[in-house]
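Q: Got upload.pdb for you, PDB, C-alpha atoms, pLDDT in the B column:
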```
MODEL        1
ATOM      1  CA  MET R   1       0.000   0.000   0.000  1.00 56.00           C
ATOM      2  CA  LYS R   2       2.887   2.387   0.720  1.00 55.00           C
ATOM      3  CA  LYS R   3       4.280   1.814  -2.770  1.00 57.00           C
ATOM      4  CA  LEU R   4       0.887   2.586  -4.296  1.00 57.00           C
ATOM      5  CA  GLY R   5       0.687   5.843  -2.333  1.00 60.00           C
ATOM      6  CA  VAL R   6       4.146   6.954  -3.466  1.00 57.00           C
ATOM      7  CA  ILE R   7       3.324   6.177  -7.127  1.00 65.00           C
ATOM      8  CA  THR R   8       0.042   8.103  -6.853  1.00 66.00           C
ATOM      9  CA  LEU R   9       1.841  11.143  -5.348  1.00 64.00           C
ATOM     10  CA  ILE R  10       4.419  11.190  -8.161  1.00 69.00           C
ATOM     11  CA  ALA R  11       1.683  10.970 -10.804  1.00 68.00           C
ATOM     12  CA  VAL R  12      -0.203  13.923  -9.261  1.00 64.00           C
ATOM     13  CA  CYS R  13       2.962  16.087  -9.147  1.00 64.00           C
ATOM     14  CA  ALA R  14       3.739  15.279 -12.803  1.00 64.00           C
ATOM     15  CA  PHE R  15       0.197  16.190 -13.855  1.00 63.00           C
ATOM     16  CA  LEU R  16       0.380  19.553 -12.048  1.00 59.00           C
ATOM     17  CA  ALA R  17       3.763  20.368 -13.652  1.00 57.00           C
ATOM     18  CA  VAL R  18       2.450  19.632 -17.120  1.00 56.00           C
ATOM     19  CA  SER R  19      -0.644  21.748 -16.451  1.00 58.00           C
ATOM     20  CA  VAL R  20       1.371  24.806 -15.282  1.00 52.00           C
ATOM     21  CA  VAL R  21       3.943  24.782 -18.141  1.00 52.00           C
ATOM     22  CA  PRO R  22       2.354  24.418 -21.594  1.00 54.00           C
ATOM     23  CA  ALA R  23       3.885  21.792 -23.818  1.00 48.00           C
ATOM     24  CA  GLY R  24       4.698  24.334 -26.592  1.00 47.00           C
ATOM     25  CA  ALA R  25       6.853  26.377 -24.201  1.00 47.00           C
ATOM     26  CA  GLN R  26       9.499  23.694 -23.862  1.00 48.00           C
ATOM     27  CA  THR R  27      12.375  23.581 -26.293  1.00 48.00           C
ATOM     28  CA  ALA R  28      14.295  20.633 -27.512  1.00 47.00           C
ATOM     29  CA  GLY R  29      17.167  21.504 -25.174  1.00 47.00           C
ATOM     30  CA  GLY R  30      14.934  21.483 -22.166  1.00 48.00           C
ATOM     31  CA  ALA R  31      14.969  25.283 -21.697  1.00 48.00           C
ATOM     32  CA  THR R  32      11.718  27.022 -21.099  1.00 49.00           C
ATOM     33  CA  SER R  33      10.721  30.226 -22.934  1.00 49.00           C
ATOM     34  CA  VAL R  34       7.667  32.380 -22.536  1.00 48.00           C
ATOM     35  CA  SER R  35       5.841  33.267 -25.752  1.00 51.00           C
ATOM     36  CA  VAL R  36       3.822  36.428 -26.059  1.00 48.00           C
ATOM     37  CA  PRO R  37       0.367  35.933 -27.529  1.00 51.00           C
ATOM     38  CA  THR R  38      -0.433  38.132 -30.515  1.00 51.00           C
ATOM     39  CA  ALA R  39      -3.752  39.560 -31.374  1.00 49.00           C
ATOM     40  CA  GLY R  40      -5.517  37.253 -33.771  1.00 48.00           C
ATOM     41  CA  PRO R  41      -8.705  37.633 -35.646  1.00 49.00           C
ATOM     42  CA  GLU R  42     -10.628  36.371 -32.646  1.00 50.00           C
ATOM     43  CA  SER R  43      -8.995  38.804 -30.201  1.00 49.00           C
ATOM     44  CA  ASP R  44     -10.724  41.899 -28.860  1.00 55.00           C
ATOM     45  CA  GLY R  45      -8.366  44.278 -30.750  1.00 55.00           C
ATOM     46  CA  THR R  46      -6.093  45.059 -27.782  1.00 56.00           C
ATOM     47  CA  PRO R  47      -2.460  45.177 -29.028  1.00 56.00           C
ATOM     48  CA  ALA R  48      -0.116  42.636 -27.601  1.00 51.00           C
ATOM     49  CA  PRO R  49       2.388  43.894 -25.036  1.00 55.00           C
ATOM     50  CA  ALA R  50       5.916  44.481 -26.251  1.00 51.00           C
ATOM     51  CA  SER R  51       8.436  41.786 -25.565  1.00 49.00           C
ATOM     52  CA  VAL R  52      10.630  42.012 -22.519  1.00 48.00           C
ATOM     53  CA  THR R  53      13.805  42.338 -24.561  1.00 48.00           C
ATOM     54  CA  SER R  54      12.426  45.198 -26.629  1.00 50.00           C
ATOM     55  CA  ASN R  55      11.449  47.155 -23.512  1.00 51.00           C
ATOM     56  CA  LEU R  56      14.845  46.690 -21.894  1.00 48.00           C
ATOM     57  CA  ASN R  57      17.172  49.474 -23.209  1.00 54.00           C
ATOM     58  CA  LEU R  58      20.305  47.389 -22.786  1.00 50.00           C
ATOM     59  CA  PHE R  59      22.332  49.634 -25.130  1.00 51.00           C
ATOM     60  CA  PRO R  60      21.189  53.260 -24.628  1.00 55.00           C
ATOM     61  CA  SER R  61      22.091  55.553 -27.520  1.00 58.00           C
ATOM     62  CA  LEU R  62      24.388  58.504 -26.966  1.00 60.00           C
ATOM     63  CA  PRO R  63      22.777  61.970 -26.883  1.00 63.00           C
ATOM     64  CA  PRO R  64      22.972  63.805 -30.233  1.00 64.00           C
ATOM     65  CA  GLN R  65      26.009  66.000 -30.581  1.00 65.00           C
ATOM     66  CA  PRO R  66      25.278  69.658 -31.384  1.00 61.00           C
ATOM     67  CA  THR R  67      26.478  70.685 -34.806  1.00 60.00           C
ATOM     68  CA  PRO R  68      28.695  73.770 -34.962  1.00 54.00           C
ATOM     69  CA  ALA R  69      26.772  76.867 -35.892  1.00 53.00           C
ATOM     70  CA  ALA R  70      27.501  78.088 -39.376  1.00 49.00           C
ATOM     71  CA  THR R  71      28.986  81.545 -39.650  1.00 47.00           C
ATOM     72  CA  SER R  72      26.262  84.017 -40.469  1.00 45.00           C
ATOM     73  CA  SER R  73      26.737  85.835 -43.776  1.00 50.00           C
ATOM     74  CA  SER R  74      25.588  89.034 -42.054  1.00 55.00           C
ATOM     75  CA  ASP R  75      28.764  88.927 -39.930  1.00 63.00           C
ATOM     76  CA  SER R  76      31.094  88.715 -42.905  1.00 73.00           C
ATOM     77  CA  TYR R  77      32.689  91.807 -44.400  1.00 81.00           C
ATOM     78  CA  HIS R  78      35.257  92.892 -46.972  1.00 89.00           C
ATOM     79  CA  LYS R  79      38.684  94.025 -45.807  1.00 93.00           C
ATOM     80  CA  PHE R  80      39.057  96.768 -48.414  1.00 94.00           C
ATOM     81  CA  ASP R  81      36.668  99.129 -50.217  1.00 96.00           C
ATOM     82  CA  VAL R  82      38.174 101.046 -53.147  1.00 97.00           C
ATOM     83  CA  PHE R  83      36.392 104.079 -54.614  1.00 98.00           C
ATOM     84  CA  ALA R  84      37.266 106.102 -57.722  1.00 97.00           C
ATOM     85  CA  GLY R  85      35.168 108.677 -59.517  1.00 97.00           C
ATOM     86  CA  TYR R  86      34.252 112.253 -60.344  1.00 96.00           C
ATOM     87  CA  SER R  87      34.411 115.163 -57.912  1.00 95.00           C
ATOM     88  CA  PHE R  88      33.046 118.686 -57.938  1.00 92.00           C
ATOM     89  CA  LEU R  89      34.089 121.416 -55.522  1.00 90.00           C
ATOM     90  CA  ASN R  90      32.426 124.684 -54.550  1.00 84.00           C
ATOM     91  CA  ASN R  91      35.780 126.396 -54.361  1.00 76.00           C
ATOM     92  CA  ASP R  92      36.341 129.356 -52.067  1.00 72.00           C
ATOM     93  CA  ILE R  93      39.567 130.729 -53.493  1.00 62.00           C
ATOM     94  CA  ALA R  94      42.042 131.521 -50.718  1.00 51.00           C
ATOM     95  CA  VAL R  95      42.569 135.235 -51.269  1.00 52.00           C
ATOM     96  CA  VAL R  96      41.609 138.304 -49.292  1.00 44.00           C
ATOM     97  CA  ASP R  97      38.465 138.944 -51.363  1.00 50.00           C
ATOM     98  CA  ALA R  98      37.627 135.248 -51.593  1.00 48.00           C
ATOM     99  CA  GLY R  99      33.886 135.861 -51.350  1.00 50.00           C
ATOM    100  CA  GLU R 100      33.892 137.304 -54.861  1.00 56.00           C
ATOM    101  CA  PHE R 101      35.601 134.321 -56.464  1.00 57.00           C
ATOM    102  CA  GLN R 102      33.710 131.204 -55.445  1.00 62.00           C
ATOM    103  CA  GLN R 103      33.404 128.817 -58.334  1.00 70.00           C
ATOM    104  CA  LEU R 104      32.334 125.262 -59.053  1.00 76.00           C
ATOM    105  CA  VAL R 105      35.389 123.316 -60.250  1.00 85.00           C
ATOM    106  CA  HIS R 106      35.598 119.766 -61.544  1.00 90.00           C
ATOM    107  CA  GLY R 107      38.057 117.036 -60.681  1.00 93.00           C
ATOM    108  CA  TYR R 108      38.581 113.487 -59.494  1.00 95.00           C
ATOM    109  CA  ALA R 109      38.333 111.609 -56.210  1.00 96.00           C
ATOM    110  CA  ALA R 110      39.658 108.328 -54.855  1.00 97.00           C
ATOM    111  CA  SER R 111      39.639 106.583 -51.505  1.00 97.00           C
ATOM    112  CA  VAL R 112      40.552 103.302 -49.822  1.00 97.00           C
ATOM    113  CA  THR R 113      38.782 102.039 -46.696  1.00 96.00           C
ATOM    114  CA  PHE R 114      40.382  99.401 -44.487  1.00 96.00           C
ATOM    115  CA  ASN R 115      37.480  97.783 -42.638  1.00 94.00           C
ATOM    116  CA  LEU R 116      38.135  96.675 -39.050  1.00 94.00           C
ATOM    117  CA  ASN R 117      34.722  94.964 -38.986  1.00 93.00           C
ATOM    118  CA  LYS R 118      31.454  95.292 -40.883  1.00 89.00           C
ATOM    119  CA  ASN R 119      30.664  98.705 -39.325  1.00 93.00           C
ATOM    120  CA  PHE R 120      33.985 100.444 -38.597  1.00 96.00           C
ATOM    121  CA  GLY R 121      37.016 101.238 -40.726  1.00 96.00           C
ATOM    122  CA  ILE R 122      39.871 103.626 -41.498  1.00 97.00           C
ATOM    123  CA  LEU R 123      39.456 105.842 -44.567  1.00 97.00           C
ATOM    124  CA  ALA R 124      42.218 107.319 -46.736  1.00 97.00           C
ATOM    125  CA  ASP R 125      40.702 109.971 -49.024  1.00 97.00           C
ATOM    126  CA  PHE R 126      42.240 111.943 -51.894  1.00 95.00           C
ATOM    127  CA  ASN R 127      40.829 114.375 -54.424  1.00 94.00           C
ATOM    128  CA  GLY R 128      42.021 117.041 -56.835  1.00 93.00           C
ATOM    129  CA  ASN R 129      39.998 119.855 -58.402  1.00 91.00           C
ATOM    130  CA  ASN R 130      41.234 122.276 -61.024  1.00 87.00           C
ATOM    131  CA  GLY R 131      39.537 125.536 -61.921  1.00 80.00           C
ATOM    132  CA  SER R 132      40.091 128.871 -63.563  1.00 78.00           C
ATOM    133  CA  LEU R 133      38.207 132.144 -63.713  1.00 74.00           C
ATOM    134  CA  THR R 134      38.557 135.270 -65.844  1.00 75.00           C
ATOM    135  CA  LEU R 135      37.533 138.627 -64.369  1.00 72.00           C
ATOM    136  CA  GLY R 136      38.064 141.564 -66.720  1.00 72.00           C
ATOM    137  CA  THR R 137      41.761 141.654 -67.535  1.00 75.00           C
ATOM    138  CA  THR R 138      42.651 139.100 -64.823  1.00 75.00           C
ATOM    139  CA  HIS R 139      42.770 135.321 -65.334  1.00 77.00           C
ATOM    140  CA  GLN R 140      42.884 133.324 -62.107  1.00 78.00           C
ATOM    141  CA  THR R 141      43.811 129.672 -61.733  1.00 80.00           C
ATOM    142  CA  GLU R 142      43.039 127.749 -58.550  1.00 81.00           C
ATOM    143  CA  ASP R 143      43.778 124.086 -57.974  1.00 86.00           C
ATOM    144  CA  GLN R 144      42.907 122.353 -54.695  1.00 88.00           C
ATOM    145  CA  TYR R 145      44.170 118.962 -53.511  1.00 93.00           C
ATOM    146  CA  TYR R 146      43.177 117.167 -50.312  1.00 95.00           C
ATOM    147  CA  PHE R 147      44.943 114.270 -48.572  1.00 96.00           C
ATOM    148  CA  LEU R 148      42.790 113.184 -45.636  1.00 97.00           C
ATOM    149  CA  PHE R 149      42.610 110.261 -43.208  1.00 97.00           C
ATOM    150  CA  GLY R 150      40.259 109.229 -40.424  1.00 97.00           C
ATOM    151  CA  PRO R 151      37.666 106.834 -38.986  1.00 97.00           C
ATOM    152  CA  THR R 152      34.483 105.898 -40.808  1.00 97.00           C
ATOM    153  CA  VAL R 153      31.315 104.156 -39.636  1.00 97.00           C
ATOM    154  CA  SER R 154      28.829 102.456 -41.972  1.00 95.00           C
ATOM    155  CA  HIS R 155      25.683 100.344 -41.978  1.00 94.00           C
ATOM    156  CA  SER R 156      24.080  98.253 -44.741  1.00 92.00           C
ATOM    157  CA  PHE R 157      20.388  97.872 -45.564  1.00 91.00           C
ATOM    158  CA  GLY R 158      20.298  95.097 -48.139  1.00 90.00           C
ATOM    159  CA  LYS R 159      22.024  96.507 -51.222  1.00 93.00           C
ATOM    160  CA  ALA R 160      22.118 100.062 -49.817  1.00 95.00           C
ATOM    161  CA  ARG R 161      24.797 101.331 -47.460  1.00 95.00           C
ATOM    162  CA  ILE R 162      25.244 104.644 -45.663  1.00 96.00           C
ATOM    163  CA  SER R 163      28.460 105.856 -44.026  1.00 96.00           C
ATOM    164  CA  GLY R 164      29.884 108.836 -42.207  1.00 97.00           C
ATOM    165  CA  HIS R 165      33.461 109.961 -41.548  1.00 98.00           C
ATOM    166  CA  VAL R 166      35.632 112.572 -39.842  1.00 97.00           C
ATOM    167  CA  LEU R 167      38.942 113.314 -41.580  1.00 97.00           C
ATOM    168  CA  VAL R 168      42.124 115.276 -40.940  1.00 97.00           C
ATOM    169  CA  GLY R 169      45.205 115.760 -43.068  1.00 96.00           C
ATOM    170  CA  ALA R 170      46.636 118.281 -45.493  1.00 95.00           C
ATOM    171  CA  ALA R 171      45.428 120.487 -48.332  1.00 92.00           C
ATOM    172  CA  ARG R 172      47.535 121.894 -51.132  1.00 90.00           C
ATOM    173  CA  GLN R 173      46.585 124.820 -53.324  1.00 84.00           C
ATOM    174  CA  HIS R 174      48.079 126.140 -56.522  1.00 82.00           C
ATOM    175  CA  TYR R 175      47.049 129.726 -57.077  1.00 77.00           C
ATOM    176  CA  GLY R 176      47.992 132.092 -59.904  1.00 78.00           C
ATOM    177  CA  GLU R 177      46.946 135.313 -61.585  1.00 76.00           C
ATOM    178  CA  ALA R 178      47.732 136.346 -65.127  1.00 80.00           C
ATOM    179  CA  PHE R 179      47.030 139.859 -66.421  1.00 75.00           C
ATOM    180  CA  THR R 180      46.429 141.168 -69.910  1.00 72.00           C
ATOM    181  CA  SER R 181      47.483 144.593 -68.679  1.00 66.00           C
ATOM    182  CA  ALA R 182      50.938 145.726 -67.682  1.00 60.00           C
ATOM    183  CA  GLU R 183      50.667 144.124 -64.223  1.00 62.00           C
ATOM    184  CA  THR R 184      53.130 141.388 -63.340  1.00 66.00           C
ATOM    185  CA  ASN R 185      51.817 137.832 -63.281  1.00 72.00           C
ATOM    186  CA  PHE R 186      52.351 135.844 -60.105  1.00 71.00           C
ATOM    187  CA  GLY R 187      51.537 132.475 -58.554  1.00 74.00           C
ATOM    188  CA  PHE R 188      52.322 130.344 -55.507  1.00 76.00           C
ATOM    189  CA  LYS R 189      51.865 126.868 -54.052  1.00 83.00           C
ATOM    190  CA  GLN R 190      51.088 126.102 -50.421  1.00 85.00           C
ATOM    191  CA  THR R 191      50.432 123.071 -48.246  1.00 88.00           C
ATOM    192  CA  ASN R 192      48.807 123.276 -44.830  1.00 88.00           C
ATOM    193  CA  PHE R 193      46.420 121.635 -42.360  1.00 92.00           C
ATOM    194  CA  ALA R 194      42.946 120.537 -43.494  1.00 94.00           C
ATOM    195  CA  ALA R 195      39.979 118.751 -41.977  1.00 96.00           C
ATOM    196  CA  GLY R 196      36.627 117.498 -43.178  1.00 95.00           C
ATOM    197  CA  VAL R 197      33.401 115.807 -42.164  1.00 97.00           C
ATOM    198  CA  GLY R 198      30.894 114.072 -44.422  1.00 97.00           C
ATOM    199  CA  GLY R 199      29.040 110.960 -45.465  1.00 97.00           C
ATOM    200  CA  ALA R 200      28.173 108.746 -48.418  1.00 97.00           C
ATOM    201  CA  PHE R 201      25.332 106.692 -49.861  1.00 97.00           C
ATOM    202  CA  ASP R 202      26.285 103.536 -51.834  1.00 96.00           C
ATOM    203  CA  TRP R 203      24.306 101.012 -53.867  1.00 96.00           C
ATOM    204  CA  MET R 204      25.856  97.548 -54.361  1.00 94.00           C
ATOM    205  CA  PHE R 205      25.061  95.694 -57.594  1.00 94.00           C
ATOM    206  CA  SER R 206      26.766  92.532 -56.331  1.00 92.00           C
ATOM    207  CA  ASP R 207      28.945  91.323 -53.487  1.00 89.00           C
ATOM    208  CA  ARG R 208      31.962  93.092 -55.039  1.00 92.00           C
ATOM    209  CA  TRP R 209      30.746  95.863 -57.346  1.00 95.00           C
ATOM    210  CA  GLY R 210      28.747  98.951 -56.491  1.00 96.00           C
ATOM    211  CA  TRP R 211      28.204 102.637 -57.176  1.00 97.00           C
ATOM    212  CA  ARG R 212      28.636 105.567 -54.810  1.00 97.00           C
ATOM    213  CA  ILE R 213      25.530 107.593 -55.516  1.00 97.00           C
ATOM    214  CA  LEU R 214      26.854 110.598 -53.611  1.00 96.00           C
ATOM    215  CA  GLN R 215      29.582 111.444 -51.144  1.00 97.00           C
ATOM    216  CA  PHE R 216      29.189 114.861 -49.534  1.00 96.00           C
ATOM    217  CA  ASP R 217      31.928 116.617 -47.518  1.00 97.00           C
ATOM    218  CA  TYR R 218      32.484 119.926 -45.814  1.00 95.00           C
ATOM    219  CA  LEU R 219      36.210 120.753 -46.002  1.00 93.00           C
ATOM    220  CA  THR R 220      38.198 123.480 -44.309  1.00 90.00           C
ATOM    221  CA  SER R 221      41.868 124.389 -44.629  1.00 87.00           C
ATOM    222  CA  LEU R 222      44.261 127.085 -43.454  1.00 81.00           C
ATOM    223  CA  PHE R 223      46.881 128.761 -45.616  1.00 72.00           C
ATOM    224  CA  ASN R 224      49.426 131.392 -44.644  1.00 63.00           C
ATOM    225  CA  GLY R 225      50.695 134.137 -46.911  1.00 57.00           C
ATOM    226  CA  GLN R 226      49.867 137.485 -48.452  1.00 54.00           C
ATOM    227  CA  PHE R 227      47.003 136.089 -50.542  1.00 55.00           C
ATOM    228  CA  SER R 228      45.948 133.259 -48.255  1.00 60.00           C
ATOM    229  CA  GLY R 229      43.552 132.595 -45.408  1.00 70.00           C
ATOM    230  CA  ARG R 230      40.904 130.157 -44.265  1.00 78.00           C
ATOM    231  CA  VAL R 231      39.307 128.175 -47.090  1.00 80.00           C
ATOM    232  CA  ASN R 232      35.892 126.528 -46.640  1.00 85.00           C
ATOM    233  CA  ASN R 233      34.799 124.243 -49.462  1.00 88.00           C
ATOM    234  CA  VAL R 234      31.893 121.902 -50.129  1.00 92.00           C
ATOM    235  CA  ARG R 235      32.724 118.793 -52.138  1.00 95.00           C
ATOM    236  CA  GLY R 236      30.578 116.145 -53.810  1.00 95.00           C
ATOM    237  CA  SER R 237      31.754 112.873 -55.364  1.00 96.00           C
ATOM    238  CA  THR R 238      30.270 109.952 -57.267  1.00 97.00           C
ATOM    239  CA  GLY R 239      31.798 106.874 -58.844  1.00 97.00           C
ATOM    240  CA  LEU R 240      32.586 103.167 -58.816  1.00 97.00           C
ATOM    241  CA  ILE R 241      33.178 100.979 -55.716  1.00 96.00           C
ATOM    242  CA  VAL R 242      35.104  97.705 -55.694  1.00 96.00           C
ATOM    243  CA  ARG R 243      35.376  95.502 -52.605  1.00 94.00           C
ATOM    244  CA  PHE R 244      38.128  93.034 -51.814  1.00 92.00           C
ATOM    245  CA  LYS R 245      38.242  90.253 -49.212  1.00 87.00           C
TER     246      LYS R 245
ENDMDL
END
```
Please go through the file and, once you have read it, give me the structure as structure tokens.
A:
Amino acid sequence: MKKLGVITLIAVCAFLAVSVVPAGAQTAGGATSVSVPTAGPESDGTPAPASVTSNLNLFPSLPPQPTPAATSSSDSYHKFDVFAGYSFLNNDIAVVDAGEFQQLVHGYAASVTFNLNKNFGILADFNGNNGSLTLGTTHQTEDQYYFLFGPTVSHSFGKARISGHVLVGAARQHYGEAFTSAETNFGFKQTNFAAGVGGAFDWMFSDRWGWRILQFDYLTSLFNGQFSGRVNNVRGSTGLIVRFK
């Protein structure tokens, strides 16, 4: 009877083990795996839970590395601006009765700007204007040349650009009088201090080429001598602009 009880107990244990672990969950090697039921046609539409291995982030990905910011084109600028063009000067001839001899004379202008950044630079400005005037029996010649340097500030609005500058340097004048009468002709050349303040309006056709619509300057200079004095001139310029990196 004891043997029959032992055999019955073993049979009950085996039956319970088979009931708890489904037959399809056992592999040929004896290992047990748990399958995840999928939603079939007869299911209620609830999606099957994700597998354990897919939920376990065993190999977490590294955080994305920030890409270096590209240099903004608005921060770029050209190292050199070169201007060359036409100049006209309301010339106050440097003589004692200068108020009677103001004249509009024509000439040329050129400048080079070394840009420290996109808004500030150093300007080197040059212009020459040549004029003559005949009053009765007297023929006057008056040439004015300016060599000026100083800071400039500018700002761009799309293709348009405005700038302003304050300049100091030297002015040179060539003055002469020739007479049709018996008076003796004379002339002299002088160089002395000069200063100016002004601004410009430019229009750029491309990244390199543009046109200076107008540059306007008030210029003053001092000359010493019998027929010299303070000279106040107004100058306008227009011409081509070329930029270089």
Q: Specify as a PyMOL selection string each residue included when the PyMOL selection byres ((chain R and resi 142-144) around 10) is applied to this file.
A: chain R and resi 89+91-94+103+105-107+127-133+140-141+145-146+171-177+187+189-191+233
Q: So which one's closest to R:Phe205, R:Arg235, R:His139, R:His155, R:Arg161? Using all atoms listed in the file, please.
A: R:Arg161
Q: Expressed in Å to a single decimal, how great is the separation between atom CA of R:Gly85 and atom CA of R:Asp125?
A: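 We find that atom CA of R:Gly85 and atom CA of R:Asp125 lie 11.9 Å from each other.
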Q: When you draw a straight line from atom CA of R:Phe126 to atom CA of R:Ala160, how long is it in Å?
A: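 Separating atom CA of R:Phe126 from atom CA of R:Ala160 is a distance of 23.5 Å.
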Q: Record the distance separating atom CA of R:His78 and atom CA of R:Ala195, expressed in Å with one decimal.
A: 26.8 Å
Q: Taking only C-alpha atoms into account, which of R:Thr180, R:Ser163, R:Thr152, R:Ser76 comes nearest R:Leu135?
A: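 Closest to R:Leu135, using only C-alpha atoms: R:Thr180.
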